[in-house]
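Next comes start00.cif, a file with mmCIF, C-alpha atoms.
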data_start
loop_
_atom_site.label_atom_id
_atom_site.label_comp_id
_atom_site.auth_asym_id
_atom_site.auth_seq_id
_atom_site.Cartn_x
_atom_site.Cartn_y
_atom_site.Cartn_z
CA MET A 1 28.21 -38.59 162.60
CA GLY A 2 24.70 -37.48 161.53
CA LEU A 3 21.22 -38.62 162.45
CA THR A 4 20.09 -41.97 163.90
CA LEU A 5 16.36 -42.66 164.27
CA VAL A 6 15.35 -45.30 166.85
CA LEU A 7 11.87 -46.71 166.23
CA GLY A 8 9.69 -48.94 168.37
CA GLY A 9 6.32 -49.40 169.96
CA THR A 10 5.30 -48.39 173.46
CA ARG A 11 7.58 -49.93 176.11
CA SER A 12 9.62 -51.69 173.41
CA GLY A 13 12.95 -50.67 174.94
CA LYS A 14 13.70 -48.01 172.35
CA SER A 15 14.65 -45.37 174.95
CA ALA A 16 17.11 -47.70 176.66
CA HIS A 17 18.56 -48.63 173.28
CA ALA A 18 18.95 -44.98 172.31
CA GLU A 19 20.68 -44.27 175.60
CA ALA A 20 23.10 -47.14 174.91
CA LEU A 21 23.90 -45.60 171.52
CA ALA A 22 24.49 -42.23 173.18
CA ARG A 23 26.89 -43.79 175.69
CA ALA A 24 28.70 -45.55 172.85
CA SER A 25 29.24 -42.27 170.99
CA GLY A 26 32.07 -41.33 173.35
CA LEU A 27 30.84 -37.71 173.46
CA PRO A 28 29.24 -35.69 176.26
CA VAL A 29 25.50 -36.26 176.03
CA ARG A 30 22.88 -33.53 175.85
CA TYR A 31 19.44 -35.05 176.55
CA LEU A 32 16.45 -33.17 175.13
CA ALA A 33 13.32 -33.87 177.17
CA THR A 34 10.13 -33.39 175.15
CA ALA A 35 7.58 -33.73 177.94
CA ASP A 36 5.98 -30.55 179.32
CA PRO A 37 7.64 -29.76 182.69
CA GLU A 38 4.65 -27.59 183.66
CA ASP A 39 2.54 -30.75 183.89
CA ASP A 40 3.06 -32.36 187.31
CA SER A 41 2.94 -35.94 186.02
CA MET A 42 5.33 -35.10 183.17
CA ALA A 43 7.69 -33.31 185.55
CA ALA A 44 7.81 -36.42 187.72
CA ARG A 45 8.50 -38.56 184.66
CA ILE A 46 11.36 -36.27 183.59
CA ALA A 47 12.86 -36.46 187.09
CA ALA A 48 12.66 -40.27 187.08
CA HIS A 49 14.44 -40.44 183.73
CA VAL A 50 17.16 -38.08 184.95
CA LEU A 51 17.89 -40.45 187.83
CA ARG A 52 18.16 -43.39 185.41
CA ARG A 53 20.77 -41.69 183.24
CA PRO A 54 24.47 -41.02 184.00
CA PRO A 55 24.81 -37.96 186.28
CA GLN A 56 27.18 -36.19 183.87
CA TRP A 57 24.53 -36.05 181.13
CA GLU A 58 22.99 -32.62 180.58
CA THR A 59 19.19 -32.63 180.54
CA VAL A 60 17.32 -29.71 179.00
CA VAL A 61 13.75 -29.08 177.91
CA ALA A 62 13.68 -29.35 174.12
CA GLY A 63 11.50 -26.33 173.40
CA ASP A 64 10.11 -25.60 169.94
CA ASP A 65 13.44 -24.81 168.22
CA LEU A 66 15.31 -28.11 168.05
CA VAL A 67 18.03 -26.78 165.76
CA ALA A 68 19.12 -24.35 168.48
CA GLN A 69 19.64 -27.27 170.86
CA LEU A 70 22.27 -29.02 168.71
CA ARG A 71 25.91 -28.84 169.80
CA ALA A 72 28.86 -29.75 167.57
CA ASP A 73 30.78 -31.23 170.51
CA HIS A 74 27.90 -33.16 172.13
CA CYS A 75 25.85 -36.20 171.29
CA THR A 76 22.24 -34.98 171.24
CA LEU A 77 19.51 -37.40 172.32
CA LEU A 78 15.89 -36.41 171.65
CA ASP A 79 13.31 -38.64 173.38
CA GLY A 80 10.65 -38.73 171.97
CA LEU A 81 9.74 -37.12 168.72
CA GLY A 82 5.99 -37.83 168.85
CA THR A 83 5.58 -35.94 172.12
CA TRP A 84 7.51 -32.98 170.72
CA ILE A 85 5.41 -32.88 167.53
CA ALA A 86 2.18 -32.95 169.53
CA GLY A 87 3.37 -30.08 171.72
CA VAL A 88 4.46 -27.87 168.84
CA MET A 89 1.26 -28.48 166.88
CA PHE A 90 -0.76 -27.56 169.97
CA ARG A 91 1.19 -24.31 170.40
CA ASP A 92 1.63 -23.01 166.84
CA GLY A 93 1.00 -25.81 164.32
CA ASP A 94 4.43 -25.35 162.68
CA ALA A 95 5.82 -28.83 163.38
CA GLY A 96 6.39 -29.76 159.75
CA ALA A 97 8.77 -26.91 158.90
CA ARG A 98 10.54 -27.23 162.23
CA ILE A 99 11.15 -30.96 161.95
CA ALA A 100 12.40 -30.62 158.37
CA ALA A 101 14.91 -27.97 159.47
CA PHE A 102 15.97 -30.14 162.40
CA ALA A 103 16.42 -33.23 160.21
CA GLN A 104 18.65 -31.34 157.79
CA ALA A 105 20.72 -29.80 160.59
CA ALA A 106 21.03 -33.14 162.39
CA ALA A 107 22.12 -34.94 159.23
CA ALA A 108 24.87 -32.36 158.71
CA SER A 109 25.99 -32.37 162.34
CA PRO A 110 29.58 -33.43 163.04
CA ALA A 111 28.32 -35.11 166.23
CA SER A 112 25.75 -37.86 166.76
CA VAL A 113 22.08 -36.91 166.91
CA ILE A 114 19.79 -39.69 168.15
CA VAL A 115 16.01 -39.38 167.93
CA VAL A 116 13.50 -41.73 169.59
CA ALA A 117 10.08 -42.12 167.95
CA GLY A 118 7.14 -44.46 167.71
CA ARG A 119 6.83 -46.70 164.65
CA ALA A 120 4.43 -44.26 162.99
CA ILE A 121 5.27 -40.58 162.57
CA GLU A 122 2.45 -38.46 161.17
CA LEU A 123 3.38 -35.03 159.89
CA PRO A 124 1.12 -32.25 158.62
CA PRO A 125 0.15 -32.36 154.92
CA ASN A 126 2.68 -31.12 152.36
CA THR A 127 5.56 -31.73 154.77
CA ALA A 128 8.56 -33.54 153.32
CA VAL A 129 11.91 -34.63 154.73
CA ASP A 130 14.59 -35.16 152.06
CA VAL A 131 15.89 -38.68 152.69
CA ARG A 132 18.63 -38.22 150.07
CA SER A 133 20.22 -35.48 152.14
CA GLY A 134 20.42 -37.74 155.17
CA GLY A 135 17.12 -36.85 156.77
CA ILE A 136 14.79 -39.25 158.53
CA GLU A 137 14.71 -42.51 156.57
CA THR A 138 12.60 -45.37 157.80
CA ILE A 139 10.65 -46.65 154.79
CA ASP A 140 11.48 -50.26 153.93
CA ALA A 141 10.36 -49.67 150.35
CA GLU A 142 13.39 -47.43 149.86
CA LEU A 143 15.71 -50.17 151.08
CA ARG A 144 14.15 -52.72 148.72
CA HIS A 145 14.19 -50.54 145.61
CA HIS A 146 16.85 -51.64 143.10
CA GLY A 147 17.97 -49.88 139.95
CA ASP A 148 17.05 -52.72 137.61
CA GLU A 149 13.38 -51.98 138.35
CA LEU A 150 13.72 -48.74 136.38
CA VAL A 151 14.91 -50.39 133.18
CA ARG A 152 12.39 -50.30 130.34
CA PRO A 153 12.02 -53.21 127.92
CA GLY A 154 14.74 -52.99 125.31
CA ASP A 155 17.00 -50.67 127.32
CA VAL A 156 20.54 -51.61 128.27
CA ASP A 157 20.59 -52.33 132.01
CA HIS A 158 23.47 -50.40 133.57
CA ALA A 159 22.12 -50.98 137.08
CA VAL A 160 23.33 -54.59 137.23
CA ASN A 161 27.09 -54.66 137.75
CA VAL A 162 27.89 -57.89 135.90
CA LEU A 163 30.51 -58.50 133.26
CA ALA A 164 29.06 -57.93 129.81
CA GLY A 165 28.54 -60.76 127.36
CA GLY A 166 26.69 -63.25 129.52
CA PRO A 167 28.07 -66.48 131.00
CA PRO A 168 31.34 -67.73 129.46
CA GLN A 169 31.17 -70.67 127.07
CA TRP A 170 32.68 -73.17 129.51
CA LEU A 171 29.96 -72.34 132.03
CA ARG A 172 27.22 -72.65 129.42
CA GLU A 173 28.43 -76.18 128.70
CA VAL A 174 28.42 -77.01 132.43
CA LEU A 175 24.87 -75.73 132.76
CA ASP A 176 23.74 -77.69 129.70
CA ARG A 177 25.03 -80.91 131.26
CA ALA A 178 23.45 -80.10 134.61
CA LEU A 179 20.13 -79.46 132.89
CA ASP A 180 20.30 -82.95 131.35
CA GLU A 181 21.69 -84.82 134.37
CA ASP A 182 20.87 -83.03 137.61
CA VAL A 183 17.58 -81.16 137.60
CA ALA A 184 15.31 -84.21 137.81
CA ALA A 185 16.52 -84.92 141.36
CA TYR A 186 16.54 -82.78 144.48
CA PRO A 187 19.74 -80.71 144.74
CA ARG A 188 22.70 -82.38 146.49
CA GLU A 189 25.42 -80.00 147.54
CA THR A 190 28.13 -82.30 148.93
CA GLU A 191 30.47 -82.11 145.92
CA THR A 192 30.00 -78.38 145.52
CA VAL A 193 30.71 -77.75 149.19
CA ALA A 194 33.89 -79.81 148.99
CA ALA A 195 35.07 -77.89 145.92
CA LEU A 196 34.41 -74.50 147.51
CA ALA A 197 36.15 -75.58 150.71
CA GLN A 198 39.24 -76.62 148.76
CA LEU A 199 39.21 -73.38 146.76
CA HIS A 200 39.29 -71.23 149.89
CA GLY A 201 41.35 -73.48 152.14
CA ARG A 202 38.48 -74.03 154.57
CA ALA A 203 36.69 -77.07 155.96
CA PRO A 204 33.50 -78.32 154.24
CA GLU A 205 31.47 -77.67 157.39
CA GLU A 206 32.34 -73.97 157.01
CA ILE A 207 30.58 -73.62 153.63
CA VAL A 208 26.87 -72.73 153.36
CA CYS A 209 25.44 -72.65 149.83
CA THR A 210 22.59 -70.17 149.35
CA ASN A 211 20.17 -68.79 146.80
CA GLY A 212 22.54 -65.97 145.90
CA ALA A 213 24.44 -63.78 148.33
CA ALA A 214 21.16 -62.01 149.17
CA GLN A 215 19.75 -65.11 150.86
CA ALA A 216 22.89 -65.51 152.95
CA LEU A 217 22.43 -61.94 154.18
CA TRP A 218 18.73 -62.51 154.87
CA LEU A 219 19.63 -65.46 157.10
CA LEU A 220 21.63 -63.26 159.47
CA PRO A 221 18.86 -61.89 161.72
CA SER A 222 17.29 -65.32 162.35
CA ALA A 223 20.62 -67.10 162.74
CA LEU A 224 22.46 -64.57 164.88
CA ARG A 225 19.63 -62.68 166.63
CA PRO A 226 21.67 -59.50 167.16
CA ARG A 227 20.60 -56.80 169.59
CA LEU A 228 22.07 -53.92 167.58
CA ALA A 229 23.26 -54.24 163.99
CA ALA A 230 25.44 -51.66 162.27
CA CYS A 231 25.28 -51.50 158.47
CA VAL A 232 28.07 -49.62 156.75
CA HIS A 233 26.73 -47.47 153.90
CA PRO A 234 26.78 -47.04 151.02
CA GLY A 235 26.17 -50.75 150.72
CA PHE A 236 23.75 -53.44 149.60
CA THR A 237 20.48 -52.35 151.19
CA GLU A 238 18.88 -55.82 151.34
CA THR A 239 20.89 -56.58 154.48
CA GLU A 240 19.37 -53.68 156.37
CA ALA A 241 15.94 -54.53 154.97
CA ALA A 242 16.30 -58.07 156.31
CA LEU A 243 17.39 -56.90 159.74
CA ARG A 244 14.55 -54.40 160.04
CA ALA A 245 12.01 -56.93 158.77
CA HIS A 246 13.03 -59.20 161.66
CA GLY A 247 12.73 -56.40 164.21
CA VAL A 248 16.46 -55.95 164.76
CA GLN A 249 17.52 -52.51 165.95
CA THR A 250 19.72 -51.21 163.15
CA THR A 251 22.00 -48.21 162.83
CA ARG A 252 23.81 -46.86 159.80
CA VAL A 253 27.49 -46.03 159.65
CA LEU A 254 27.93 -43.63 156.76
CA ARG A 255 31.13 -43.47 154.73
CA ASP A 256 32.13 -39.91 153.94
CA PRO A 257 32.58 -39.11 150.23
CA GLU A 258 34.96 -36.30 151.21
CA ASP A 259 37.08 -38.93 152.95
CA GLY A 260 37.19 -41.15 149.89
CA PHE A 261 34.44 -43.37 151.36
CA ALA A 262 37.09 -44.90 153.65
CA LEU A 263 36.01 -47.17 156.48
CA ARG A 264 36.49 -45.60 159.91
CA PRO A 265 36.08 -48.43 162.45
CA ARG A 266 35.68 -46.01 165.35
CA ALA A 267 32.48 -44.69 163.78
CA VAL A 268 30.76 -48.02 164.54
CA PRO A 269 28.91 -47.94 167.88
CA GLU A 270 30.61 -50.06 170.52
CA ALA A 271 27.20 -51.51 171.41
CA ALA A 272 26.80 -53.09 167.96
CA ASP A 273 27.05 -56.89 168.18
CA LEU A 274 26.71 -57.32 164.40
CA VAL A 275 28.52 -55.23 161.77
CA VAL A 276 27.86 -55.73 158.05
CA ILE A 277 30.18 -54.24 155.46
CA GLY A 278 30.72 -54.66 151.72
CA ASN A 279 34.27 -55.10 150.43
CA PRO A 280 34.62 -53.82 147.78
CA ALA A 281 31.77 -51.58 148.81
CA SER A 282 28.88 -50.97 146.45
CA PRO A 283 28.27 -48.54 144.91
CA SER A 284 31.40 -46.64 145.92
CA GLY A 285 33.81 -49.37 144.78
CA THR A 286 35.96 -48.79 147.87
CA LEU A 287 38.35 -51.62 148.78
CA ASP A 288 39.16 -51.58 152.49
CA PRO A 289 42.36 -53.27 153.68
CA ALA A 290 41.73 -56.46 155.63
CA ALA A 291 43.61 -54.97 158.58
CA THR A 292 41.15 -52.07 158.74
CA ILE A 293 38.13 -54.39 158.71
CA LEU A 294 39.67 -56.50 161.46
CA GLN A 295 39.73 -53.41 163.67
CA LEU A 296 35.94 -53.83 163.89
CA ARG A 297 36.30 -57.02 165.94
CA ARG A 298 35.11 -56.91 169.54
CA PRO A 299 34.19 -59.58 172.11
CA GLY A 300 30.61 -60.65 171.48
CA ARG A 301 30.46 -59.07 168.00
CA THR A 302 30.12 -60.81 164.62
CA ILE A 303 31.53 -59.22 161.47
CA VAL A 304 29.86 -60.02 158.13
CA ILE A 305 31.72 -59.07 154.95
CA ASP A 306 29.83 -59.04 151.68
CA GLU A 307 32.54 -59.89 149.13
CA ALA A 308 30.21 -60.10 146.14
CA PHE A 309 32.63 -58.01 144.06
CA MET A 310 35.89 -59.35 145.49
CA ASP A 311 36.50 -61.72 142.57
CA MET A 312 36.73 -58.63 140.36
CA VAL A 313 39.96 -57.66 142.16
CA PRO A 314 43.04 -59.49 140.82
CA GLY A 315 44.59 -61.57 143.59
CA GLU A 316 41.81 -60.60 146.05
CA PRO A 317 44.36 -58.88 148.33
CA ALA A 318 41.82 -57.68 150.93
CA SER A 319 39.70 -60.83 151.16
CA LEU A 320 39.18 -62.58 154.49
CA VAL A 321 37.56 -65.67 152.98
CA ARG A 322 40.62 -67.83 153.74
CA GLU A 323 40.91 -66.66 157.36
CA PRO A 324 39.19 -69.05 159.83
CA LEU A 325 38.26 -66.38 162.36
CA PRO A 326 35.63 -67.33 164.96
CA ASP A 327 33.64 -64.11 164.58
CA VAL A 328 33.84 -63.40 160.83
CA ILE A 329 31.40 -64.47 158.11
CA VAL A 330 32.26 -63.88 154.45
CA VAL A 331 29.51 -63.89 151.81
CA ARG A 332 30.34 -64.53 148.15
CA SER A 333 28.46 -64.61 144.85
CA LEU A 334 28.99 -65.56 141.20
CA THR A 335 26.42 -63.03 139.99
CA LYS A 336 28.92 -60.41 138.89
CA SER A 337 31.96 -62.25 137.54
CA LEU A 338 30.09 -64.96 135.59
CA ALA A 339 27.06 -62.87 134.60
CA ILE A 340 24.46 -65.22 136.08
CA ALA A 341 22.31 -62.86 138.15
CA GLY A 342 19.22 -64.89 137.30
CA LEU A 343 20.72 -68.16 138.49
CA ARG A 344 21.17 -67.09 142.15
CA ALA A 345 24.46 -68.78 143.02
CA GLY A 346 25.96 -67.69 146.34
CA TYR A 347 27.45 -69.00 149.55
CA ALA A 348 28.70 -68.03 152.99
CA VAL A 349 32.02 -69.02 154.51
CA ALA A 350 31.96 -69.04 158.29
CA PRO A 351 33.43 -70.85 161.29
CA ALA A 352 31.60 -74.12 161.84
CA ALA A 353 29.58 -72.86 164.81
CA LEU A 354 28.23 -69.88 162.86
CA ALA A 355 27.79 -71.92 159.69
CA ASP A 356 25.62 -74.36 161.64
CA ARG A 357 23.42 -71.48 162.77
CA LEU A 358 23.02 -70.27 159.20
CA ARG A 359 22.10 -73.77 158.00
CA ALA A 360 19.61 -74.14 160.84
CA VAL A 361 17.45 -71.30 159.45
CA ARG A 362 18.11 -71.91 155.75
CA PRO A 363 15.13 -73.24 153.76
CA PRO A 364 15.66 -76.73 152.34
CA TRP A 365 17.21 -76.99 148.87
CA SER A 366 18.05 -73.29 148.89
CA CYS A 367 20.69 -73.69 146.18
CA ASN A 368 19.24 -75.24 143.03
CA ALA A 369 20.99 -77.85 140.90
CA LEU A 370 22.11 -75.41 138.21
CA ALA A 371 23.51 -72.98 140.77
CA LEU A 372 25.36 -75.82 142.51
CA ALA A 373 26.84 -76.88 139.18
CA ALA A 374 28.00 -73.32 138.49
CA LEU A 375 29.55 -72.96 141.95
CA ARG A 376 31.34 -76.29 141.63
CA ALA A 377 32.64 -75.48 138.14
CA MET A 378 33.90 -72.08 139.29
CA ALA A 379 35.70 -73.60 142.27
CA LEU A 380 37.50 -76.02 139.97
CA ARG A 381 38.53 -73.23 137.56
CA PRO A 382 40.13 -70.44 139.64
CA ALA A 383 42.16 -69.35 136.60
CA ALA A 384 38.93 -68.49 134.77
CA LEU A 385 37.90 -66.13 137.56
CA ALA A 386 41.38 -64.61 137.60
CA ASP A 387 41.08 -63.88 133.88
CA GLY A 388 37.71 -62.27 134.47
CA ALA A 389 39.18 -60.01 137.16
CA VAL A 390 41.89 -58.81 134.77
CA ARG A 391 39.24 -58.09 132.17
CA ALA A 392 37.08 -56.20 134.70
CA GLN A 393 40.01 -54.04 135.75
CA ALA A 394 40.87 -53.19 132.13
CA GLU A 395 37.27 -52.29 131.30
CA ARG A 396 36.93 -50.13 134.41
CA ALA A 397 40.19 -48.33 133.62
CA ASP A 398 38.85 -47.59 130.13
CA LEU A 399 35.62 -46.26 131.64
CA GLU A 400 37.56 -44.05 134.03
CA ARG A 401 39.60 -42.60 131.18
CA ARG A 402 36.44 -41.77 129.28
CA LEU A 403 34.76 -40.26 132.34
CA HIS A 404 37.82 -38.08 132.89
CA ASP A 405 36.91 -36.18 129.72
CA VAL A 406 33.37 -35.35 130.91
CA ALA A 407 33.30 -31.77 132.14
CA GLY A 408 32.11 -31.19 135.69
CA LEU A 409 31.89 -34.89 136.55
CA ARG A 410 33.36 -36.01 139.84
CA ARG A 411 34.39 -39.63 140.26
CA TRP A 412 35.88 -41.71 143.03
CA PRO A 413 38.51 -44.46 142.76
CA SER A 414 37.06 -47.95 142.48
CA ALA A 415 38.43 -51.47 142.84
CA ALA A 416 35.35 -53.12 141.31
CA ASN A 417 33.81 -53.18 137.84
CA PHE A 418 31.92 -49.91 138.27
CA VAL A 419 32.66 -46.29 139.13
CA ARG A 420 30.75 -43.95 141.38
CA VAL A 421 30.28 -40.46 139.94
CA ARG A 422 28.59 -37.21 140.85
CA VAL A 423 26.81 -35.43 138.03
CA PRO A 424 26.81 -31.60 138.11
CA PRO A 425 23.57 -29.96 139.29
CA GLY A 426 21.11 -29.55 136.46
CA ALA A 427 22.59 -32.44 134.47
CA GLY A 428 19.82 -34.81 135.53
CA GLY A 429 21.67 -36.81 138.13
CA GLY A 430 23.48 -36.92 141.45
CA VAL A 431 25.79 -39.21 143.35
#
Just give me the structure of the file as C-alpha cells.
Amino acid sequence: MGLTLVLGGTRSGKSAHAEALARASGLPVRYLATADPEDDSMAARIAAHVLRRPPQWETVVAGDDLVAQLRADHCTLLDGLGTWIAGVMFRDGDAGARIAAFAQAAAASPASVIVVAGRAIELPPNTAVDVRSGGIETIDAELRHHGDELVRPGDVDHAVNVLAGGPPQWLREVLDRALDEDVAAYPRETETVAALAQLHGRAPEEIVCTNGAAQALWLLPSALRPRLAACVHPGFTETEAALRAHGVQTTRVLRDPEDGFALRPRAVPEAADLVVIGNPASPSGTLDPAATILQLRRPGRTIVIDEAFMDMVPGEPASLVREPLPDVIVVRSLTKSLAIAGLRAGYAVAPAALADRLRAVRPPWSCNALALAALRAMALRPAALADGAVRAQAERADLERRLHDVAGLRRWPSAANFVRVRVPPGAGGGV
C-alpha cells in the first residue's frame, strides 16, 4: 500500500479527505493524534475529532517515535505532520532523522499510511527524504521532469520512445501537401474528426482533437472537476502534474514490480471519482487486459486510459477505444508510431457528454493544420499502423534477446516498443 501525503492549507478540508481515504482502505484505522494532550485546548480538540470519526477507529497519541506506531494490519492516519514536527523539535530537535525513518518505513508498509500536512513542510538543514524509495514526494518539478531534457547536443535520445527513422515517406508527402495547402488558414478539423470516428467505429461528436495526448490529459481537471483522482504509477507524470496544478486531491496507486507491475483494481481507493491509467503502461510496458481495467468502473467515477502506446501492439487486443462506455475516456497519440513527437498530434475518444466537456475547456485551434493532416492520413491508412506495430514488436524482441546476455540485468516483459530494466547496484543505474 505505502505512503499517501495529503496536502492543503488551513481549513482546506484535507483532514476530512484523509479520513475518507482511510475509510476507503478497508482496513482497521489507527489514528495518530499529534496535538499535545497535556494542553487543555489541544485535549478538547482531540476529543472533538474523536467524536467526528467512526467509533471503531483507534486513537492514540503519536509520540516522538512514529515508526513504532505503524501496524502491518492497520491503516495508519497521521494528522498533522507540521504539529508533530514542531513538538519533536521543541523536545529534542531530532525531527529530521525521525521523519526520514518514518517515511522509509511507511513507504515499505504493507498497509496504507496516510499523512496530513500543510502545503509547506520545513525540515532542519541537511535533512533529506529519498523520493525514489517511495518517501514523501510533493514537488511538481519532479513530475514535470522528462528524460529528453538530459540529452546533450549530438547524443542519441533514448528517452523518447518513438520508432526510429523519423516519419514514414507517405506521411512526409502528406505533410508537404498540407504545408502548401492548409497552413495559411485557421485549422478546420471536421474531416479529420470524421476519419478518426470511422477508424474507431465511434460517432464524430465523440472525437476531440488535441495538441498531443498531453493536452488531452491536461484538460481533465478543468473538464471533469474531480474530488479525488487516482493515478496509476508508473505512468506518464504530466497527468498528475495537471491535476495537482488545478488543486485536485490526487493519490498514487503503485504497481508492484514484484507482481509484474500488474494492475490491481482493488488498490484504487473507492472514494476516487477519477482514475487515470496507461495501457500499455509507461515505462513498465505492462499491457492490462480490458476486463481488468473495466473492474475499475464505479458509479460516479470516470476512467481515463492513456493508450499512447497501444498502436504498437498488433491487433490492439486490450484497447477500449471502440467501446462506447459512458464513463470511459481513451486518449491516443501518433507521437510514438509515426515518430512525430514535435508535431503534437493527439486526440481523445469519449462519450458525447464527456467529449463536450473536454471541448468546452480546450483552447481554440488546439490541433494545428499539420497535426490534423497527419491524424487524418493515419486514420485512412490503418494498414500502415499495423505494419509499424509488427516492426515495433520485432525490434523489441531483438532488444530483449540482447538484454538477456547482460549479466545481472533484470528486465520485465513489455508489450510496447521499450523494455524496463533494473541495473545492478554500482553499474550507474536503477529501475
Residues near Ala22 in chain A, cut-off 9 Å, all atoms listed in the file, skip fewer than 6 positions along chain, as a PyMOL selection string: chain A and resi 28-29+75-77+112-114+269
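With only C-alpha atoms as the atoms that count, the residue of A:Ala178, A:Ala107, A:Val419, A:Leu224 with the shortest distance to Leu254 in chain A is A:Ala107.
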Which residue out of A:Val331, A:Leu370, A:Ala117, A:Val67 has the minimum interatomic distance to Ala100 in chain A when only C-alpha atoms are used? A:Val67
Pick from A:Leu320, A:Val361, A:Cys209, A:Met310: nearest to Pro221 in chain A, with only C-alpha atoms counted?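 Of A:Leu320, A:Val361, A:Cys209, A:Met310, the one nearest Pro221 in chain A, counting only C-alpha atoms, is A:Val361.
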Would you list the contacts of Glu205 in chain A as an NGL selection string, taking every protein, DNA or RNA residue within 8 Å and counting only C-alpha atoms, but skipping same-chain residues closer than 6 positions in sequence? :A and (352 or 355-356)
Please expand the PyMOL selection byres ((chain A and resi 313) around 9) into the concrete residues it hits in this file, giving the result as number ranges by chain. A: 280, 309-312, 314-318, 386, 389-390, 392-393, 415-417
Those selected residues, please, written with C-alpha atoms and delivered as a PDB file, keeping the file's coordinate frame.
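Below is the file that was written, selection_21.pdb:
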ATOM      1  CA  PRO A 280      34.620 -53.820 147.780  1.00  0.00           C
ATOM      2  CA  PHE A 309      32.630 -58.010 144.060  1.00  0.00           C
ATOM      3  CA  MET A 310      35.890 -59.350 145.490  1.00  0.00           C
ATOM      4  CA  ASP A 311      36.500 -61.720 142.570  1.00  0.00           C
ATOM      5  CA  MET A 312      36.730 -58.630 140.360  1.00  0.00           C
ATOM      6  CA  PRO A 314      43.040 -59.490 140.820  1.00  0.00           C
ATOM      7  CA  GLY A 315      44.590 -61.570 143.590  1.00  0.00           C
ATOM      8  CA  GLU A 316      41.810 -60.600 146.050  1.00  0.00           C
ATOM      9  CA  PRO A 317      44.360 -58.880 148.330  1.00  0.00           C
ATOM     10  CA  ALA A 318      41.820 -57.680 150.930  1.00  0.00           C
ATOM     11  CA  ALA A 386      41.380 -64.610 137.600  1.00  0.00           C
ATOM     12  CA  ALA A 389      39.180 -60.010 137.160  1.00  0.00           C
ATOM     13  CA  VAL A 390      41.890 -58.810 134.770  1.00  0.00           C
ATOM     14  CA  ALA A 392      37.080 -56.200 134.700  1.00  0.00           C
ATOM     15  CA  GLN A 393      40.010 -54.040 135.750  1.00  0.00           C
ATOM     16  CA  ALA A 415      38.430 -51.470 142.840  1.00  0.00           C
ATOM     17  CA  ALA A 416      35.350 -53.120 141.310  1.00  0.00           C
ATOM     18  CA  ASN A 417      33.810 -53.180 137.840  1.00  0.00           C
TER      19      ASN A 417
END
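Rounded to one decimal, CA of Thr34 in chain A and CA of Gln56 in chain A lie 19.4 Å from each other.
Residue membership of the PyMOL selection byres ((chain A and resi 218) around 9) in the shown file amounts to Ala213, Ala214, Gln215, Ala216, Leu217, Leu219, Leu220, Pro221, Ser222, Glu238, Thr239, Glu240, Ala241, Ala242 and Leu243 of chain A.
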State, in Å with one decimal place, the distance from CA of Val275 in chain A to CA of Leu385 in chain A. 28.2 Å
On this structure, the PyMOL selection byres ((chain A and resi 270-272) around 6) would catch which residues? List them as a short mmCIF file (atom, residue, chain, number, x, y, z; two decimals) with C-alpha atoms, in the frame of the given file, sorted by chain and number.
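Dumped to out31.cif:
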data_model
loop_
_atom_site.label_atom_id
_atom_site.label_comp_id
_atom_site.auth_asym_id
_atom_site.auth_seq_id
_atom_site.Cartn_x
_atom_site.Cartn_y
_atom_site.Cartn_z
CA ALA A 24 28.70 -45.55 172.85
CA LEU A 228 22.07 -53.92 167.58
CA ALA A 229 23.26 -54.24 163.99
CA PRO A 269 28.91 -47.94 167.88
CA ASP A 273 27.05 -56.89 168.18
CA LEU A 274 26.71 -57.32 164.40
#
To one decimal place, how far is CA of His74 in chain A from CA of Gly235 in chain A in Å? 27.8 Å
Counting only C-alpha atoms, the residue of A:Thr210, A:Gln69, A:Ser25, A:Thr302 that sits nearest Trp365 in chain A: A:Thr210
Which one of A:Ala345, A:Ala101, A:Leu196, A:Val60 sits closest to Pro382 in chain A if you count all atoms listed in the file?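 Distance minimum relative to Pro382 in chain A lands on A:Leu196.
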Got a sec: who's within 12 Å of Ala68 in chain A, counting only C-alpha atoms, leaving out chain neighbours fewer than 2 positions off, as number ranges by chain? A: 32, 60-66, 70-72, 76, 98, 101-102, 105-106
With distances taken over only C-alpha atoms, which residue among A:Ala377, A:Ile99, A:Ile85, A:Leu199 lies nearest Trp170 in chain A? A:Ala377
Repair of range 80-88 of chain A at the level of N, CA and C atoms, as a short mmCIF file (atom, residue, chain, number, x, y, z; two decimals), in the coordinates of the input:
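Result went into result.cif, see below:
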data_model
loop_
_atom_site.label_atom_id
_atom_site.label_comp_id
_atom_site.auth_asym_id
_atom_site.auth_seq_id
_atom_site.Cartn_x
_atom_site.Cartn_y
_atom_site.Cartn_z
N GLY A 80 10.88 -38.12 173.24
CA GLY A 80 10.65 -38.73 171.97
C GLY A 80 10.03 -37.73 171.02
N LEU A 81 10.14 -38.03 169.78
CA LEU A 81 9.74 -37.12 168.72
C LEU A 81 8.23 -36.90 168.69
N GLY A 82 7.45 -37.97 168.90
CA GLY A 82 5.99 -37.83 168.85
C GLY A 82 5.46 -36.84 169.86
N THR A 83 6.01 -36.88 171.08
CA THR A 83 5.58 -35.94 172.12
C THR A 83 5.92 -34.51 171.73
N TRP A 84 7.10 -34.33 171.15
CA TRP A 84 7.51 -32.98 170.72
C TRP A 84 6.59 -32.47 169.62
N ILE A 85 6.29 -33.31 168.62
CA ILE A 85 5.41 -32.88 167.53
C ILE A 85 4.04 -32.47 168.06
N ALA A 86 3.50 -33.27 168.97
CA ALA A 86 2.18 -32.95 169.53
C ALA A 86 2.20 -31.60 170.24
N GLY A 87 3.28 -31.34 171.00
CA GLY A 87 3.37 -30.08 171.72
C GLY A 87 3.48 -28.88 170.80
N VAL A 88 4.29 -28.98 169.76
CA VAL A 88 4.46 -27.87 168.84
C VAL A 88 3.18 -27.60 168.07
#
